[in-house]
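Trainee: Right, I'll just put the structure down here and ask away after.
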Amino acid sequence: MTRNRRYLLLPSRQPLGRRGLTLVEMLVAISISLLMMAAVVTVFANISGSISRRRATIEMASSLRSVRETLARDLAGATCPAVPDQRPESNHGYLEIIEGPQNDFYPTPWIWDGDNDGVGDPISNTPGVDLSLSSLPGSNLRHAGTPDDEEGAGLTVGPNQPLPEEAPTDARGLGDGDDILMLTVRNETDPFVGRIPLRSGPGAPSNTAFPLWQAEEVESQLAEVAWFAVENPVERSGAQTFAFGEPGYRTIYRRALLILPDLDYRIDVTESGVDYGNQNTTAGRLAGPGVVRVLAPAIGRPDVSQALASLIAFQEQYDLSVHLEWDPLLPDSTLDDARDAPGRWVIRANTLGSLTKRENRYEHHGYVGESLAPQAVIDLYVASNLAPSYRAFPYPVASGGRFNAGPIGLSFVNDIEVPPPGDPAAFRSVVAPIPGAGSARSVVAYEPTDDQILAQNRRYSVRPFVVPNYETDTPATARAILNEDGHVVHVTRGLAPLGGARRGDDVMLTGALAFDLRVYDPGAPVYAYYTDAANSQPVQLDQTIEPSDPAWASAFNADAPWWLNAGATPPLDPIGNLSPTTVVPFVFQRRGAYVDLGYGSTFLTPSGAAANIGTVLPAQRFFPRSGNQALFATSPVAQTMRFFTDGAIRTPGSADLTTFYRTYDTWSWHYETNGLNEDRDSENVGGVLRPMIDEGTNGFDDLDPTDSGDLLIAEASDRRFNGPDDPAEREAPPPYETALRGVQAMLRVYEPDSRQIREVRVRESFLPE
């Protein structure tokens with residue numbers, strides 16, 4: 001019997017689905033996510049960086065656009081034709097361009113690196129810019145000894161050697177930054193706005209002491225305008241002033257001073273309400289129209305420094321174009337000096353006509369103190385009826401001075417009506433030799449003598465007048481810069497910005513690399529550069545070499561024999577006979593370029609090595625065979641621009657009153673007829689020295705002191721020539737006796753975060769339409 005077997009059929013077991021990831025899979029997934037996130041972050045970072053750069057570009061462009069438009073309006077509104085020998089009675093005002101000693105080749109003494117260690121070491125061994133820490137943009141210059149290096153890492157200024165490895169910049173992104181533009185401007189559509197003393201009520205000049213005067217804002221269609229830049233100095237390690245930004249950068253300023261000659265404050269010369277001891281006063285006497293301040297009777301006529309300190313204090317508080325004037329009809333002087341005279345110093349509002357005269361312009365002091373003047377100069381000035389303490393022609397706005405000593409201390413003269421600080425500021429000069437001038441020195445900068453810059457007992461209420469303490473008739477200019485609290489935090493050779501409570505009111509642009517002024521010279525030679533000299537393959541036309549380019553000196557020196565050798569017969573067309581070679585790959589192309597005043601001199605020799613202060617190129621005078629073709633060439637005398645620029649014909653006896661600062665000025669004809677001995681020369685008549693005054697307009701055929709080589713005294717043996725009042729007899733000719741064709745202002749700024757440089761140029765033609 002067969003047993004039936006029953007089988008239980010169960011459903012087959014199916015594999016179960018996974019409920020997670022393995023560790024390896026997790027790591028792979030995380031890696032992929034991280035890669036994707038990195039890609040996204042990179043994209044966002046690039047977008048953010050692009051946005052930041054674009055924003056920086058927009059901000060820079062906006063700032064530059066505003067400054068450029070303002071500068072263009074000022075140049076377009078110039079009231080004075082750019083032609084020298086203006087007459088004050090024509091009421092045209094003036095135009096003045098000052099070319100400082102620094103240039104694109106040597107933009108600042110603080111980056112001079114004589115030992116090539118990456119740390120600037122100026123001539124006085126004061127601290128310089130540390131190139132290893134600086135954010136200043138550099139260049140890609142390469143040393144001549146590394147021909148395989150097509151783009152170098154930069155060269156230090158001084159030895160012109162490759163940068164040390166720890167120095168990321170050579171700071172050559174800086175450009176010319178010590179030029180000054182001053183002019184009178186008319187703007188009828190957008191009048192100038194500024195502060196003047198309150199015209200009536202409590203706090204007006206007629207019944208209140210000067211320190212308590214109040215102010216009001218007014219408009220004027222006319223103004224005296226000054227454009228200039230101030231470089232952030234290298235501060236002492238212990239000073240902790242924080243008054244400036246990173247050393248080397250520049251801040252561009254614009255000062256607009258209203259021309260309002262009709263102001264009449266009816267100031268009582270008794271200064272009622274003011275206690276001056278009431279010395280020699282005349283009750284009820286009022287100053288005339290145009291007088292905006294009558295100085296204290298304690299300031300006698302010989303005390304020019306105190307009068308100038310009062311003028312500076314006034315212009316720090318108010319935006320008026322004014323000048324200093326001695327009024328003999330106000331018999332209120334203390335007469336405490338045998339040389340004094342009845343009268344009072346007054347500050348009078350300028351007209352366009354009075355501004356034609358240099359001595360009436362903003363900051364044209366030209367002060368030479370009595371204790372500073374050599375006796376020979378004092379004797380000549382006394383003979384010309386001038387006080388021994390005087391303001392010297394040509395009243396330079398900026399000068400490096402001329403000295404025969406080392407560092408020079410400074411004196412700070414305070415407005416007599418304003419309380420002085422407990423202790424004066426302590427600064428001294430940084431000097432360096434003048435090439436070819438023996439032991440003569442010139443001031444290149446100023447530095448503090450201690451670290452107590454912010455001491456409480458050194459706070460000034462107003463900017464003081466600064467005087468170098470050295471006996472010379474060629475003093476350097478020095479101007480104090482105040483912070484918000486009134487401390488002197490810097491002294492500069494050029495113009496100083498507003499300080500104290502008004503600090504920043506005149507700022508136009510910060511973080512600038514250059515403020516460069518150039519004039520158009522129709523005779524400036526321009527060269528083409530050949531990339532393949534052996535095959536005479538020229539570069540494109542936009543790659544020419546102009547006087548502002550570093551290679552121009554080499555090209556000109558190679559071409560110089562044709563320009564300078566009077567015995568040579570130069571080719572007719574083109575002028576110059578350069579054939580491009582592998583050694584000198586240049587060829588003369590044309591004439592005409594915007595150039596620095598005195599572009600024949602440079603701080604670099606043609607080989608590229610820098611001199612301490614300046615080196616004159618072998619070609620000291622351009623195009624002599626074509627007369628005055630080169631209108632802006634320098635004098636053959638050293639590197640300096642004298643107020644007589646035709647130094648080979650006539651040189652002043654007062655040395656270089658504008659040492660290292662060249663000036664184009666529309667000038668004033670009145671210097672030829674004002675009865676003063678501006679050039680300080682004399683004629684020896686029977687052993688007695690007699691000043692030669694206005695010899696260019698006196699109707700006589702005068703002796704020429706330069707014939708005998710004595711620039712001060714004319715002897716009987718000095719010949720007469722060319723008849724009475726010939727041009728060579730002129731006492732005070734303008735620096736450049738030619739019309740100005742055009743001017744160009746170049747502004748360059750740097751944004752360190754985005755590392756962008758932007759440059760704009762403003763050009764104004766002065767050719768008659």
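Ordered as shown in the structure tokens, chains take letters A, B, and onward, while each chain numbers its residues from 1 and ligands are numbered from 1 in the order shown.
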With only C-alpha atoms as the counted atoms, please give the residues lying no more than 8 Å from stretch 69-82 of chain A, apart from itself and same-chain residues fewer than 3 positions off, as a PDB file with C-alpha atoms, in the first residue's frame.

Mentor:
```pdb
ATOM      1  CA  ARG A  65      34.929 112.066 -13.889  1.00  0.00           C
ATOM      2  CA  SER A  66      33.932 114.611 -11.266  1.00  0.00           C
ATOM      3  CA  HIS A  92      42.951 139.878 -16.908  1.00  0.00           C
ATOM      4  CA  GLY A  93      44.199 138.056 -13.826  1.00  0.00           C
ATOM      5  CA  TYR A  94      46.878 135.425 -14.365  1.00  0.00           C
ATOM      6  CA  LEU A  95      47.791 131.874 -15.355  1.00  0.00           C
ATOM      7  CA  LEU A 183      44.821 130.685 -12.381  1.00  0.00           C
ATOM      8  CA  THR A 184      41.928 133.092 -12.248  1.00  0.00           C
ATOM      9  CA  VAL A 185      38.642 131.617 -13.430  1.00  0.00           C
ATOM     10  CA  ARG A 186      35.249 132.954 -14.486  1.00  0.00           C
ATOM     11  CA  ASN A 187      32.223 130.667 -14.221  1.00  0.00           C
ATOM     12  CA  VAL A 225      41.882 128.692  -8.109  1.00  0.00           C
ATOM     13  CA  THR A 666      51.669 135.253 -17.736  1.00  0.00           C
ATOM     14  CA  ALA A 739      52.530 132.373 -25.707  1.00  0.00           C
ATOM     15  CA  LEU A 740      51.306 129.087 -24.327  1.00  0.00           C
ATOM     16  CA  ARG A 741      49.621 126.890 -26.917  1.00  0.00           C
ATOM     17  CA  VAL A 762      42.438 117.027 -19.479  1.00  0.00           C
ATOM     18  CA  ARG A 763      43.644 119.268 -22.284  1.00  0.00           C
ATOM     19  CA  GLU A 764      42.903 122.906 -22.908  1.00  0.00           C
ATOM     20  CA  PHE A 766      44.883 128.517 -25.598  1.00  0.00           C
TER      21      PHE A 766
END
```

Trainee: Near A:Tyr446, counting only C-alpha atoms, which residues have an atom at most 8 Å away, once you skip same-chain residues fewer than 3 positions from it, shown as an NGL selection string?

Mentor: :A and (427-430 or 443 or 490-493)

Trainee: Fewer than 5 positions away in the same chain doesn't count, so skip those; otherwise give me all residues within 7 Å of stretch 163-178 of chain A, counting only C-alpha atoms, as a list in words.

Mentor: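 The neighbour list is Gly100, Gln102, Asn103, Asp104, Pro107, Asp117, Gly118, Leu131, Ser132, Leu136, Pro137, Gly138, Ser139, Ala153, Gly154, Leu155, Thr156, Ala229, Leu513, Ala514, Phe515 and Asp516 of chain A.
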
Trainee: Which of these, A:Asp694, A:Glu231, A:Asp681, A:Asp521, has the shortest distance to A:Pro497 once you count only C-alpha atoms?

Mentor: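 Of all the options, A:Glu231 lies closest to A:Pro497.
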
Trainee: Which of stretch 202-290 of chain A end up as strand (DSSP E or B) when DSSP is run on this backbone - answer as a list of chain:residue names?

Mentor: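 Those in stretch 202-290 of chain A that DSSP calls strand (DSSP E or B) are A:Ala215, A:Glu216, A:Glu217, A:Val218, A:Glu219, A:Ser220, A:Leu222, A:Ala223, A:Glu224, A:Val225, A:Ala226, A:Trp227, A:Phe228, A:Ala229, A:Val230, A:Glu231, A:Arg250, A:Thr251, A:Ile252, A:Tyr253, A:Arg254, A:Arg255, A:Ala256, A:Leu257, A:Leu258, A:Asp268, A:Leu286.
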
Trainee: According to DSSP computed on the backbone, where in stretch 117-351 of chain A is there helix (DSSP H, G or I)? Give the residues as a VMD selection string.

Mentor: chain A and resid 210 to 212 304 to 317

Trainee: What is the atom CA of A:Thr472 to atom CA of A:Phe393 distance in Å?

Mentor: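 These two atoms are separated by 14.1 Å.
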
Trainee: Which one of A:Ala296, A:Val230, A:Val526, A:Met182 sits closest to A:Tyr362 if you count only C-alpha atoms?

Mentor: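 Of A:Ala296, A:Val230, A:Val526, A:Met182, the one nearest A:Tyr362 is A:Met182, counting only C-alpha atoms.
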
Trainee: How far is it from atom CA of A:Phe244 to atom CA of A:Tyr367, in Å with one decimal?

Mentor: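 So the answer is 28.7 Å.
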